[in-house]
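Visitor: If it helps, the file is called run_24.csv and holds CSV, C-alpha atoms and all ligand atoms:
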```
chain,number,residue,atom,x,y,z
D,637,MET,CA,10.8,25.5,4.8
D,638,ASP,CA,12.5,22.2,4.1
D,639,ALA,CA,12.7,20.6,0.6
D,640,GLU,CA,9.4,18.7,0.9
D,641,LEU,CA,7.5,21.9,1.8
D,642,VAL,CA,9.2,24.0,-0.9
D,643,GLN,CA,8.2,21.3,-3.4
D,644,MET,CA,4.6,21.4,-2.1
D,645,ALA,CA,4.5,25.2,-2.6
D,646,GLU,CA,6.0,24.9,-6.1
D,647,VAL,CA,3.3,22.3,-7.1
D,648,ALA,CA,0.5,24.5,-5.8
D,649,GLU,CA,2.0,27.5,-7.6
D,650,ALA,CA,2.5,25.6,-10.9
D,651,CYS,CA,-1.1,24.2,-10.7
D,652,SER,CA,-2.6,27.7,-10.3
D,653,ARG,CA,-1.3,28.6,-13.8
D,654,CYS,CA,-3.0,25.6,-15.4
D,655,ARG,CA,-6.3,26.3,-17.2
D,656,CYS,CA,-7.3,22.7,-18.0
D,657,GLY,CA,-7.9,20.8,-14.7
D,658,CYS,CA,-8.6,17.7,-16.8
D,659,CYS,CA,-6.7,15.6,-14.3
D,660,LYS,CA,-9.8,15.5,-12.1
D,661,ASP,CA,-11.5,13.1,-14.5
D,662,GLN,CA,-9.0,10.5,-13.2
D,663,CYS,CA,-9.6,11.3,-9.5
D,664,PRO,CA,-11.7,8.7,-7.7
D,665,MET,CA,-12.5,11.2,-4.8
D,666,TYR,CA,-13.7,13.9,-7.2
D,667,SER,CA,-15.8,11.4,-9.2
D,668,GLU,CA,-17.6,10.3,-6.1
D,669,LEU,CA,-18.0,13.7,-4.4
D,670,LEU,CA,-18.2,16.1,-7.4
D,671,GLU,CA,-16.8,19.0,-5.5
D,672,GLU,CA,-14.1,21.2,-7.1
D,673,SER,CA,-12.3,21.5,-3.7
D,674,ILE,CA,-11.9,17.8,-3.6
D,675,SER,CA,-10.0,17.5,-6.8
D,676,PRO,CA,-6.2,17.8,-7.5
D,677,LYS,CA,-6.6,21.5,-8.6
D,678,GLY,CA,-8.9,22.3,-5.7
D,679,ARG,CA,-6.5,20.9,-3.1
D,680,ASN,CA,-3.6,22.6,-4.7
D,681,ALA,CA,-5.5,25.9,-4.6
D,682,LEU,CA,-6.2,25.4,-0.9
D,683,ILE,CA,-2.5,24.8,-0.3
D,684,ARG,CA,-1.7,28.1,-2.0
D,685,SER,CA,-4.4,30.0,-0.1
D,686,VAL,CA,-3.2,28.6,3.2
D,687,LEU,CA,0.4,29.4,2.5
D,688,ASN,CA,-0.4,33.0,1.5
D,689,GLY,CA,-2.6,33.5,4.5
D,690,ALA,CA,-5.9,34.0,2.5
D,691,VAL,CA,-7.5,30.9,4.2
D,692,GLU,CA,-7.2,29.8,7.8
D,693,PRO,CA,-6.2,26.1,8.2
D,694,ASP,CA,-9.4,25.3,10.0
D,695,GLU,CA,-11.3,22.0,10.3
D,696,ARG,CA,-12.8,22.3,6.8
D,697,ALA,CA,-9.3,22.8,5.3
D,698,VAL,CA,-8.1,19.8,7.2
D,699,ARG,CA,-11.0,17.7,6.0
D,700,ILE,CA,-10.1,18.7,2.4
D,701,ALA,CA,-6.4,17.8,3.0
D,702,TYR,CA,-7.5,14.4,4.0
D,703,SER,CA,-9.9,13.8,1.1
D,704,CYS,CA,-7.1,12.3,-1.0
D,705,LEU,CA,-6.1,8.7,-1.5
D,706,LEU,CA,-2.6,9.7,-2.4
D,707,CYS,CA,-3.1,7.2,-5.3
D,708,ARG,CA,-1.3,9.3,-8.0
D,709,ARG,CA,-3.8,8.4,-10.6
D,710,ASP,CA,-4.4,12.1,-11.6
D,711,GLU,CA,-0.7,12.5,-12.1
D,712,GLN,CA,-0.8,10.3,-15.2
D,713,SER,CA,-2.8,13.0,-17.0
D,714,CYS,CA,-1.4,16.1,-15.4
D,715,VAL,CA,-0.3,18.4,-18.2
D,716,ALA,CA,2.5,19.9,-16.0
D,717,GLY,CA,3.8,16.5,-14.7
D,718,LEU,CA,3.1,17.6,-11.1
D,719,ARG,CA,3.5,15.3,-8.0
D,720,ASN,CA,0.2,16.3,-6.5
D,721,SER,CA,0.1,13.3,-4.1
D,722,ASP,CA,3.5,14.3,-2.5
D,723,ALA,CA,2.2,17.9,-2.2
D,724,THR,CA,-0.9,16.7,-0.4
D,725,GLU,CA,1.0,14.5,1.9
D,726,ALA,CA,3.4,17.3,2.7
D,727,PHE,CA,0.4,19.6,3.3
D,728,ARG,CA,-1.0,17.3,5.9
D,729,ARG,CA,2.3,17.4,7.7
D,730,TYR,CA,2.4,21.2,7.4
D,731,LEU,CA,-1.1,21.5,8.9
D,732,ILE,CA,-0.1,19.3,11.9
D,733,GLU,CA,3.1,21.2,12.4
D,734,LYS,CA,1.1,24.5,12.4
D,735,GLY,CA,-1.0,23.1,15.2
D,736,ALA,CA,-4.0,21.6,13.4
D,737,LYS,CA,-5.5,18.5,15.1
D,738,LEU,CA,-5.5,15.1,13.4
D,739,LEU,CA,-9.1,14.1,12.4
D,740,PRO,CA,-10.6,12.1,15.3
D,741,GLU,CA,-10.8,9.1,13.0
D,742,HIS,CA,-7.0,9.2,12.5
D,743,ALA,CA,-6.1,10.2,16.0
D,744,ALA,CA,-7.2,6.8,17.2
D,745,LEU,CA,-4.8,5.1,14.7
D,746,ALA,CA,-2.0,7.4,15.8
D,747,LYS,CA,-2.6,6.7,19.5
D,748,SER,CA,-2.5,3.0,18.9
D,749,LEU,CA,0.7,3.3,16.8
D,750,ASP,CA,2.3,5.2,19.7
D,751,ASN,CA,1.2,2.8,22.4
D,752,TYR,CA,1.5,-0.6,20.6
D,753,GLY,CA,3.5,-0.1,17.5
D,754,ASN,CA,0.5,-1.0,15.3
D,755,PRO,CA,-2.6,1.0,14.2
D,756,TRP,CA,-5.1,-1.8,15.2
D,757,GLN,CA,-5.1,-1.5,19.0
D,758,GLU,CA,-3.6,-4.9,19.4
D,759,SER,CA,-0.9,-5.8,21.9
D,760,ARG,CA,2.7,-6.1,20.8
D,761,ALA,CA,2.6,-9.8,21.6
D,762,ALA,CA,-0.4,-10.3,19.3
D,763,ARG,CA,1.9,-9.7,16.4
D,764,LYS,CA,3.2,-13.2,16.5
D,765,ARG,CA,-0.3,-14.8,16.6
D,766,TRP,CA,-0.3,-15.6,12.9
D,767,ALA,CA,3.0,-17.5,13.1
D,768,LYS,CA,1.9,-20.6,15.1
D,769,GLY,CA,4.5,-23.3,14.5
D,770,LEU,CA,7.0,-20.8,13.2
D,771,GLN,CA,8.7,-19.8,16.5
D,772,ASP,CA,11.9,-21.4,15.3
D,773,LYS,CA,12.0,-18.8,12.5
D,774,LYS,CA,12.7,-16.1,15.0
D,775,LEU,CA,15.7,-14.3,13.6
D,776,VAL,CA,19.0,-14.9,15.3
D,777,PRO,CA,21.4,-12.0,14.5
D,778,GLY,CA,24.2,-13.0,12.1
D,779,LYS,CA,22.6,-16.4,11.3
D,780,THR,CA,20.1,-15.5,8.5
D,781,SER,CA,20.5,-12.9,5.8
D,782,THR,CA,16.8,-12.5,4.8
D,783,LEU,CA,14.2,-10.9,7.0
D,784,PHE,CA,10.5,-11.5,6.2
D,785,TYR,CA,8.9,-8.2,7.4
D,786,VAL,CA,5.3,-9.0,7.8
D,787,GLY,CA,3.6,-5.7,8.5
D,788,CYS,CA,0.8,-4.8,10.9
D,789,THR,CA,-2.3,-5.7,8.8
D,790,PHE,CA,-1.1,-9.1,7.6
D,791,ALA,CA,0.0,-10.0,11.1
D,792,LEU,CA,-3.0,-8.7,13.0
D,793,ASP,CA,-6.1,-9.0,10.8
D,794,ARG,CA,-7.3,-12.5,11.3
D,795,THR,CA,-9.1,-12.5,8.0
D,796,LEU,CA,-5.7,-11.8,6.2
D,797,ASP,CA,-3.2,-13.8,8.2
D,798,ASP,CA,-3.3,-16.6,5.6
D,799,GLY,CA,-1.2,-14.1,3.6
D,800,PRO,CA,2.0,-14.3,5.6
D,801,LYS,CA,1.4,-18.1,6.3
D,802,ALA,CA,1.3,-18.6,2.5
D,803,LEU,CA,4.4,-16.6,1.8
D,804,ALA,CA,6.3,-18.4,4.6
D,805,SER,CA,5.1,-21.7,3.1
D,806,LEU,CA,6.3,-20.7,-0.4
D,807,MET,CA,9.7,-19.7,1.0
D,808,ASP,CA,10.0,-23.0,2.8
D,809,LYS,CA,9.1,-24.9,-0.4
D,810,ALA,CA,11.8,-22.9,-2.3
D,811,GLY,CA,14.4,-23.6,0.4
D,812,VAL,CA,14.8,-20.0,1.4
D,813,ASP,CA,16.6,-19.4,4.7
D,814,TYR,CA,14.6,-16.5,6.2
D,815,GLY,CA,13.9,-15.1,9.7
D,816,LEU,CA,11.0,-13.3,11.4
D,817,LEU,CA,11.0,-10.6,14.1
D,818,LEU,CA,7.7,-11.9,15.4
D,819,GLU,CA,6.6,-9.8,18.5
D,820,ASP,CA,9.7,-7.6,18.0
D,821,GLU,CA,8.4,-6.3,14.7
D,822,VAL,CA,7.2,-2.6,14.8
D,823,CYS,CA,4.9,-0.8,12.3
D,824,CYS,CA,6.9,0.6,9.4
D,825,GLY,CA,5.2,4.0,10.0
D,826,SER,CA,3.4,4.2,6.7
D,827,THR,CA,0.1,5.2,8.3
D,828,ALA,CA,1.7,7.9,10.4
D,829,LYS,CA,3.6,9.3,7.4
D,830,ARG,CA,0.5,9.3,5.1
D,831,ILE,CA,-1.6,11.1,7.7
D,832,GLY,CA,1.1,13.7,8.2
D,833,ASP,CA,2.2,12.8,11.8
D,834,ILE,CA,5.9,13.1,11.0
D,835,LYS,CA,7.1,13.0,14.6
D,836,LEU,CA,5.3,9.6,15.1
D,837,PHE,CA,6.7,8.4,11.8
D,838,GLU,CA,10.3,9.3,12.8
D,839,LYS,CA,9.9,7.6,16.1
D,840,LEU,CA,8.7,4.4,14.4
D,841,ARG,CA,11.4,4.6,11.7
D,842,ARG,CA,14.2,5.0,14.3
D,843,GLU,CA,12.8,2.0,16.4
D,844,ASN,CA,12.5,-0.1,13.2
D,845,GLU,CA,15.9,0.8,11.9
D,846,LYS,CA,17.6,-0.1,15.2
D,847,ARG,CA,15.8,-3.5,15.4
D,848,ILE,CA,16.4,-4.3,11.7
D,849,ARG,CA,20.1,-3.3,11.7
D,850,GLY,CA,20.6,-5.3,14.9
D,851,THR,CA,19.7,-8.5,13.0
D,852,GLY,CA,22.6,-7.9,10.5
D,853,VAL,CA,20.3,-9.0,7.5
D,854,GLU,CA,21.2,-8.1,3.9
D,855,ASN,CA,17.7,-8.5,2.4
D,856,ILE,CA,14.1,-7.7,3.5
D,857,VAL,CA,11.1,-9.2,1.8
D,858,THR,CA,7.6,-7.9,2.5
D,859,ALA,CA,4.3,-8.8,1.0
D,860,CYS,CA,2.6,-5.5,2.0
D,861,ALA,CA,2.7,-2.9,-0.8
D,862,GLY,CA,2.6,-0.1,1.9
D,863,CYS,CA,5.5,-1.5,3.9
D,864,PHE,CA,7.5,-2.0,0.7
D,865,LYS,CA,7.0,1.6,-0.4
D,866,THR,CA,7.8,3.0,3.0
D,867,LEU,CA,10.9,0.9,3.7
D,868,GLU,CA,12.3,1.4,0.3
D,869,GLN,CA,11.5,5.1,-0.2
D,870,ASP,CA,11.0,6.6,3.3
D,871,TYR,CA,14.0,4.9,5.0
D,872,PRO,CA,16.8,6.2,2.6
D,873,ASP,CA,19.7,5.1,4.9
D,874,LEU,CA,18.3,1.6,5.4
D,875,SER,CA,17.5,1.0,1.8
D,876,GLU,CA,20.9,2.1,0.7
D,877,ASP,CA,22.5,-0.7,2.8
D,878,ILE,CA,19.8,-3.4,2.7
D,879,SER,CA,18.0,-4.7,-0.4
D,880,ILE,CA,14.2,-4.3,0.0
D,881,MET,CA,12.0,-6.5,-2.2
D,882,HIS,CA,8.3,-6.9,-2.5
D,883,SER,CA,7.2,-10.5,-2.3
D,884,THR,CA,6.1,-10.5,-6.0
D,885,GLN,CA,9.7,-9.5,-7.0
D,886,PHE,CA,11.1,-12.2,-4.7
D,887,ILE,CA,8.8,-14.9,-5.9
D,888,SER,CA,9.5,-13.9,-9.5
D,889,GLU,CA,13.2,-14.5,-8.9
D,890,LEU,CA,12.6,-17.8,-7.2
D,891,ILE,CA,10.6,-18.9,-10.3
D,892,ALA,CA,13.3,-17.6,-12.6
D,893,ASN,CA,15.9,-19.6,-10.6
D,894,ASP,CA,13.8,-22.7,-10.9
D,895,LYS,CA,13.2,-22.9,-7.2
D,896,LEU,CA,9.4,-22.7,-7.4
D,897,HIS,CA,7.0,-24.0,-10.0
D,898,PHE,CA,3.2,-24.5,-10.0
D,899,PRO,CA,0.9,-27.2,-11.4
D,900,LYS,CA,-1.4,-26.6,-14.3
D,901,ARG,CA,-4.5,-24.7,-13.4
D,902,GLU,CA,-7.1,-23.5,-16.0
D,903,VAL,CA,-8.4,-20.4,-14.4
D,904,LYS,CA,-9.2,-16.9,-15.6
D,905,VAL,CA,-7.8,-14.2,-13.3
D,906,THR,CA,-7.4,-10.4,-13.3
D,907,TYR,CA,-4.9,-8.5,-11.3
D,908,HIS,CA,-5.3,-5.3,-9.4
D,909,ASP,CA,-2.2,-3.0,-9.1
D,910,PRO,CA,-2.0,-1.6,-5.6
D,911,CYS,CA,-1.1,2.1,-5.8
D,912,HIS,CA,1.9,1.7,-3.5
D,913,LEU,CA,3.3,-1.1,-5.6
D,914,GLY,CA,2.4,0.3,-9.0
D,915,ARG,CA,2.4,4.1,-9.4
D,916,HIS,CA,4.5,4.7,-6.3
D,917,SER,CA,7.1,2.0,-6.9
D,918,ASP,CA,6.9,1.1,-10.6
D,919,VAL,CA,6.4,-2.6,-9.9
D,920,TYR,CA,4.0,-3.8,-12.6
D,921,ASP,CA,5.7,-6.7,-14.3
D,922,ALA,CA,6.8,-8.9,-11.4
D,923,PRO,CA,3.3,-9.9,-10.2
D,924,ARG,CA,2.2,-10.5,-13.8
D,925,ARG,CA,5.3,-12.7,-14.5
D,926,VAL,CA,4.5,-14.7,-11.4
D,927,LEU,CA,0.9,-15.2,-12.5
D,928,LEU,CA,1.8,-16.1,-16.0
D,929,SER,CA,4.2,-18.8,-14.7
D,930,VAL,CA,1.2,-20.9,-13.8
D,931,PRO,CA,0.5,-23.2,-16.7
D,932,GLY,CA,-3.1,-22.9,-18.0
D,933,LEU,CA,-3.7,-19.6,-16.2
D,934,GLU,CA,-5.3,-16.8,-18.3
D,935,LEU,CA,-4.6,-13.3,-17.1
D,936,VAL,CA,-7.1,-10.7,-18.4
D,937,GLU,CA,-6.4,-7.0,-17.7
D,938,MET,CA,-9.1,-4.6,-16.5
D,939,LYS,CA,-10.1,-1.5,-18.4
D,940,SER,CA,-7.8,0.4,-16.2
D,941,SER,CA,-4.6,-1.3,-15.3
D,942,ARG,CA,-0.9,-0.6,-14.6
D,943,GLN,CA,-0.2,3.2,-14.6
D,944,THR,CA,-3.9,4.0,-14.9
D,945,ALA,CA,-5.3,1.4,-12.6
D,946,ARG,CA,-8.2,2.6,-10.4
D,947,CYS,CA,-7.4,2.8,-6.7
D,948,CYS,CA,-9.2,0.3,-4.5
D,949,GLY,CA,-10.3,3.3,-2.4
D,950,GLY,CA,-8.6,2.1,0.8
D,951,GLY,CA,-5.5,4.3,1.0
D,952,ALA,CA,-4.1,7.2,2.9
D,953,GLY,CA,-6.7,7.3,5.7
D,954,VAL,CA,-9.7,7.8,3.3
D,955,LYS,CA,-11.3,4.5,4.3
D,956,THR,CA,-11.4,5.7,7.9
D,957,ALA,CA,-12.3,9.3,7.3
D,958,TYR,CA,-14.6,8.8,4.2
D,959,PRO,CA,-15.9,5.2,4.5
D,960,GLU,CA,-18.8,5.6,2.1
D,961,VAL,CA,-16.6,7.2,-0.6
D,962,SER,CA,-14.1,4.5,-0.1
D,963,GLN,CA,-16.7,1.8,-0.5
D,964,LYS,CA,-18.1,3.4,-3.7
D,965,ALA,CA,-14.6,3.6,-5.2
D,966,ALA,CA,-14.0,0.0,-4.3
D,967,ALA,CA,-17.3,-1.1,-5.8
D,968,LYS,CA,-16.3,0.5,-9.2
D,969,ARG,CA,-13.1,-1.5,-9.1
D,970,ILE,CA,-15.1,-4.7,-8.5
D,971,ARG,CA,-17.3,-3.9,-11.5
D,972,GLU,CA,-14.2,-3.4,-13.7
D,973,ALA,CA,-12.9,-6.7,-12.5
D,974,GLU,CA,-16.2,-8.4,-13.2
D,975,GLU,CA,-16.3,-7.0,-16.8
D,976,THR,CA,-13.2,-9.1,-17.6
D,977,GLY,CA,-15.1,-12.3,-16.9
D,978,ALA,CA,-12.4,-13.4,-14.5
D,979,GLU,CA,-13.2,-15.8,-11.6
D,980,VAL,CA,-10.6,-14.5,-9.3
D,981,LEU,CA,-9.3,-10.9,-8.6
D,982,ILE,CA,-5.8,-11.2,-7.4
D,983,THR,CA,-3.8,-8.4,-5.7
D,984,THR,CA,-0.8,-8.1,-3.5
D,985,CYS,CA,-1.5,-5.7,-0.7
D,986,PRO,CA,-3.5,-6.4,2.6
D,987,PHE,CA,-5.4,-3.1,2.4
D,988,CYS,CA,-6.5,-3.8,-1.2
D,989,VAL,CA,-7.6,-7.3,-0.3
D,990,GLN,CA,-9.5,-6.0,2.7
D,991,THR,CA,-11.2,-3.1,0.8
D,992,LEU,CA,-12.0,-5.1,-2.3
D,993,ARG,CA,-13.4,-8.0,-0.4
D,994,GLY,CA,-15.6,-5.7,1.5
D,995,ALA,CA,-16.9,-4.1,-1.7
D,996,ALA,CA,-17.4,-7.5,-3.4
D,997,SER,CA,-19.5,-8.6,-0.6
D,998,ALA,CA,-21.4,-5.3,-0.4
D,999,VAL,CA,-22.4,-5.4,-4.1
D,1000,GLY,CA,-23.1,-9.2,-4.1
D,1001,SER,CA,-20.3,-10.0,-6.5
D,1002,LYS,CA,-19.3,-13.7,-7.1
D,1003,LEU,CA,-15.8,-12.6,-7.8
D,1004,LYS,CA,-13.2,-14.2,-5.4
D,1005,VAL,CA,-10.7,-11.7,-4.1
D,1006,GLU,CA,-7.4,-13.3,-3.3
D,1007,GLU,CA,-3.9,-12.3,-2.2
D,1008,LEU,CA,-1.2,-13.5,-4.6
D,1009,SER,CA,0.8,-15.6,-2.2
D,1010,VAL,CA,-2.3,-17.3,-0.9
D,1011,PHE,CA,-3.4,-18.1,-4.5
D,1012,LEU,CA,0.0,-19.6,-5.3
D,1013,ASP,CA,0.4,-21.5,-2.1
D,1014,ASN,CA,-3.0,-23.1,-2.6
D,1015,LEU,CA,-1.9,-24.2,-6.1
D,1016,SER,CA,1.4,-25.6,-4.8
D,1017,HIS,CA,-0.5,-27.8,-2.4
D,1018,GLU,CA,-2.1,-29.4,-5.5
D,1019,ARG,CA,-0.4,-32.4,-7.0
D,1020,GLY,CA,2.8,-31.5,-8.9
D,1021,GLY,CA,3.4,-28.1,-7.3
D,1022,GLY,CA,6.2,-26.9,-5.0
D,1023,HIS,CA,9.9,-26.9,-5.3
D,1024,ARG,CA,12.3,-28.6,-7.7
D,1101,LIG,S1,-3.5,18.9,-14.9
D,1101,LIG,FE1,-1.9,19.2,-13.4
D,1101,LIG,S2,-1.5,21.4,-13.4
D,1101,LIG,FE2,-3.5,21.1,-14.4
D,1101,LIG,S3,-5.0,21.3,-12.8
D,1101,LIG,FE3,-4.5,19.2,-12.9
D,1101,LIG,S4,-2.8,18.9,-11.4
D,1101,LIG,FE4,-3.0,21.1,-11.8
D,1102,LIG,S1,-3.9,11.2,-5.5
D,1102,LIG,FE1,-5.8,10.1,-6.1
D,1102,LIG,S2,-7.4,10.8,-4.8
D,1102,LIG,FE2,-5.7,12.2,-4.6
D,1102,LIG,S3,-6.1,13.9,-6.1
D,1102,LIG,FE3,-4.8,12.4,-7.1
D,1102,LIG,S4,-6.3,11.0,-8.1
D,1102,LIG,FE4,-7.4,12.2,-6.6
```
I need this file expressed as structure tokens, please.
Guide:
Amino acid sequence: MDAELVQMAEVAEACSRCRCGCCKDQCPMYSELLEESISPKGRNALIRSVLNGAVEPDERAVRIAYSCLLCRRDEQSCVAGLRNSDATEAFRRYLIEKGAKLLPEHAALAKSLDNYGNPWQESRAARKRWAKGLQDKKLVPGKTSTLFYVGCTFALDRTLDDGPKALASLMDKAGVDYGLLLEDEVCCGSTAKRIGDIKLFEKLRRENEKRIRGTGVENIVTACAGCFKTLEQDYPDLSEDISIMHSTQFISELIANDKLHFPKREVKVTYHDPCHLGRHSDVYDAPRRVLLSVPGLELVEMKSSRQTARCCGGGAGVKTAYPEVSQKAAAKRIREAEETGAEVLITTCPFCVQTLRGAASAVGSKLKVEELSVFLDNLSHERGGGHR
């Protein structure tokens, strides 16, 4: 067994000695399904039973393995400090390597990733659709040091492509010299990794590394929390040589260097921490610094925020495999946001925007769900905003 699987076995073993199981109170999947097997302890017990041969890795076991958002919320209250989310991700990989089939819902995503380099069954050429008028931003190797890595969902979901447009516009206003891969961009592999298809992930990683290294860039900026976590943590060679920044960190630096400023706007907003940006990457302050740079803006925190923030319910293949549970988890997050009295719920991940918007509409909420760059770019079009 490699290090990842050894760690998985250790987590399962350590958890079996725990008598409390109190972590499940924080688990959004358990709180919707109320099944012990769909809790951190239940899943760890399954890992242990499969490893010692007491349980066959059959379809039911596979379904349980995929009943986790990999959100790490439980880990904040785990008495043993266990990395349950990493153990579950490794367990998915273990099951696939032992011959288990991907869930049919996930197999379609994997097939699309393999054929088109994105999970949304869109052609490779469609990836540049969002960038009308930005063809001159195609990265020329050796000419530009910053790559804006857009990611599949921002580039291909027509309801979200105002996100990359807004970030490009903010970078233009701040005078940043950046380049795009456009149709040559390939999925970072986050989806493949989270669903345990490690061969597919490695294929995408190799292809991406080759293309990115071929550009000679020194920095990568991405607005997608999933791409950020994946490029920074699952591409160890690349992230050693190239600085990877989330757009919130990048914008925060632009503001600190007096390259961007925003006009006064009296508005009450709340901020949702995407799991991949918060608990997985420890980026909590940059988005808040950015928001608080807007004069007149009031930022109100939800009952659960930062390390204990509720997951939007959209992560790690759960939205595809357990759509109803995902929607209920998202509706709870919308209710929390409404309780703050904010007019706008701002977040910084395309999946969170997609999931929370869907839930807001399903529960008839008046709350506006906006991506941070879009919110800022709209402000900067108002009188007085933009660059210095
Ligand atoms: S608190 Fe930690 S060790 Fe205890 S049951 Fe939960 S995950 Fe296992
Ligand atoms: S990662 Fe999230 S969904 Fe998975 S067990 Fe932990 S709290 Fe539950």
Visitor: Which residue is closest to Ser941 (chain D)? Choose from D:Ser962, D:Gln771, D:Asn1014, D:Thr906 and count all atoms listed in the file.
Guide: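 Result for the nearest residue to Ser941 (chain D): D:Thr906.
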Visitor: Could I get the residue neighbourhood of ligand LIG 1102 (chain D) at 6 Å, counting all atoms listed in the file, as a short mmCIF file (atom, residue, chain, number, x, y, z; two decimals) with C-alpha atoms, keeping the file's coordinate frame?
Guide:
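To be explicit, this is the file written out as part.cif:
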```cif
data_model
loop_
_atom_site.label_atom_id
_atom_site.label_comp_id
_atom_site.auth_asym_id
_atom_site.auth_seq_id
_atom_site.Cartn_x
_atom_site.Cartn_y
_atom_site.Cartn_z
CA GLN D 662 -9.00 10.50 -13.20
CA CYS D 663 -9.60 11.30 -9.50
CA PRO D 664 -11.70 8.70 -7.70
CA MET D 665 -12.50 11.20 -4.80
CA SER D 675 -10.00 17.50 -6.80
CA PRO D 676 -6.20 17.80 -7.50
CA CYS D 704 -7.10 12.30 -1.00
CA LEU D 705 -6.10 8.70 -1.50
CA LEU D 706 -2.60 9.70 -2.40
CA CYS D 707 -3.10 7.20 -5.30
CA ARG D 708 -1.30 9.30 -8.00
CA ARG D 709 -3.80 8.40 -10.60
CA ASP D 710 -4.40 12.10 -11.60
CA SER D 721 0.10 13.30 -4.10
#
```
Visitor: Need to verify the contact set: Gly657 (chain D), 10 Å, only C-alpha atoms, exclusion of same-chain residues closer than 3 positions in sequence. Can you return it as a PDB file with C-alpha atoms, keeping the file's coordinate frame?
Guide:
```
ATOM      1  CA  CYS D 651      -1.100  24.200 -10.700  1.00  0.00           C
ATOM      2  CA  SER D 652      -2.600  27.700 -10.300  1.00  0.00           C
ATOM      3  CA  CYS D 654      -3.000  25.600 -15.400  1.00  0.00           C
ATOM      4  CA  LYS D 660      -9.800  15.500 -12.100  1.00  0.00           C
ATOM      5  CA  ASP D 661     -11.500  13.100 -14.500  1.00  0.00           C
ATOM      6  CA  GLU D 672     -14.100  21.200  -7.100  1.00  0.00           C
ATOM      7  CA  SER D 675     -10.000  17.500  -6.800  1.00  0.00           C
ATOM      8  CA  PRO D 676      -6.200  17.800  -7.500  1.00  0.00           C
ATOM      9  CA  LYS D 677      -6.600  21.500  -8.600  1.00  0.00           C
ATOM     10  CA  GLY D 678      -8.900  22.300  -5.700  1.00  0.00           C
ATOM     11  CA  ASP D 710      -4.400  12.100 -11.600  1.00  0.00           C
ATOM     12  CA  SER D 713      -2.800  13.000 -17.000  1.00  0.00           C
ATOM     13  CA  CYS D 714      -1.400  16.100 -15.400  1.00  0.00           C
ATOM     14  CA  VAL D 715      -0.300  18.400 -18.200  1.00  0.00           C
TER      15      VAL D 715
END
```
Visitor: Would you mind listing what lies within 7 Å of region 880-884 of chain D as a PyMOL selection string, with all atoms listed in the file counted and same-chain residues fewer than 2 positions away left out?
Guide: chain D and resi 855-859+864+868+875+878+886-888+922-923
Visitor: Taking (5.4, 23.1, -3.3) in the file's coordinates as the center, which residues reach within 10 Å of it, counting all atoms listed in the file, put as a list in words?
Guide: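 Every residue inside that radius is included here: Ala639, Glu640, Leu641, Val642, Gln643, Met644, Ala645, Glu646, Val647, Ala648, Glu649, Ala650, Cys651, Asn680, Ile683, Arg684, Leu687, Leu718, Arg719, Asn720, Asp722, Ala723, Thr724, Ala726 and Phe727 of chain D.
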Visitor: Kindly indicate which residue among D:Arg699, D:Lys768, D:Lys774, D:Lys809 lies nearest to Asp894 (chain D), using only C-alpha atoms for the distances.
Guide: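 Smallest distance to Asp894 (chain D) is found for D:Lys809.
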Visitor: Step by step: start from the point (-0.4, 9.7, 9.1) in the file's coordinates, keep every protein, DNA or RNA residue that has an atom no farther than 9 Å from it, count only C-alpha atoms, and write the set as number ranges by chain.
Guide: D: 725, 728-729, 738, 742-743, 745-746, 825-834, 836-837, 952-953
Visitor: Could you write out the selected residues, including C-alpha atoms, as a PDB file, in the coordinates of the input?
Guide:
```pdb
ATOM      1  CA  GLU D 725       1.000  14.500   1.900  1.00  0.00           C
ATOM      2  CA  ARG D 728      -1.000  17.300   5.900  1.00  0.00           C
ATOM      3  CA  ARG D 729       2.300  17.400   7.700  1.00  0.00           C
ATOM      4  CA  LEU D 738      -5.500  15.100  13.400  1.00  0.00           C
ATOM      5  CA  HIS D 742      -7.000   9.200  12.500  1.00  0.00           C
ATOM      6  CA  ALA D 743      -6.100  10.200  16.000  1.00  0.00           C
ATOM      7  CA  LEU D 745      -4.800   5.100  14.700  1.00  0.00           C
ATOM      8  CA  ALA D 746      -2.000   7.400  15.800  1.00  0.00           C
ATOM      9  CA  GLY D 825       5.200   4.000  10.000  1.00  0.00           C
ATOM     10  CA  SER D 826       3.400   4.200   6.700  1.00  0.00           C
ATOM     11  CA  THR D 827       0.100   5.200   8.300  1.00  0.00           C
ATOM     12  CA  ALA D 828       1.700   7.900  10.400  1.00  0.00           C
ATOM     13  CA  LYS D 829       3.600   9.300   7.400  1.00  0.00           C
ATOM     14  CA  ARG D 830       0.500   9.300   5.100  1.00  0.00           C
ATOM     15  CA  ILE D 831      -1.600  11.100   7.700  1.00  0.00           C
ATOM     16  CA  GLY D 832       1.100  13.700   8.200  1.00  0.00           C
ATOM     17  CA  ASP D 833       2.200  12.800  11.800  1.00  0.00           C
ATOM     18  CA  ILE D 834       5.900  13.100  11.000  1.00  0.00           C
ATOM     19  CA  LEU D 836       5.300   9.600  15.100  1.00  0.00           C
ATOM     20  CA  PHE D 837       6.700   8.400  11.800  1.00  0.00           C
ATOM     21  CA  ALA D 952      -4.100   7.200   2.900  1.00  0.00           C
ATOM     22  CA  GLY D 953      -6.700   7.300   5.700  1.00  0.00           C
TER      23      GLY D 953
END
```
Visitor: If you count only C-alpha atoms, which residues fall within 12 Å of Glu843 (chain D), apart from same-chain ones fewer than 2 positions away, as JSON, numbers by chain?
Guide: {"D": [750, 753, 820, 821, 822, 823, 824, 825, 836, 837, 838, 839, 840, 841, 845, 846, 847, 848, 849, 850, 871]}
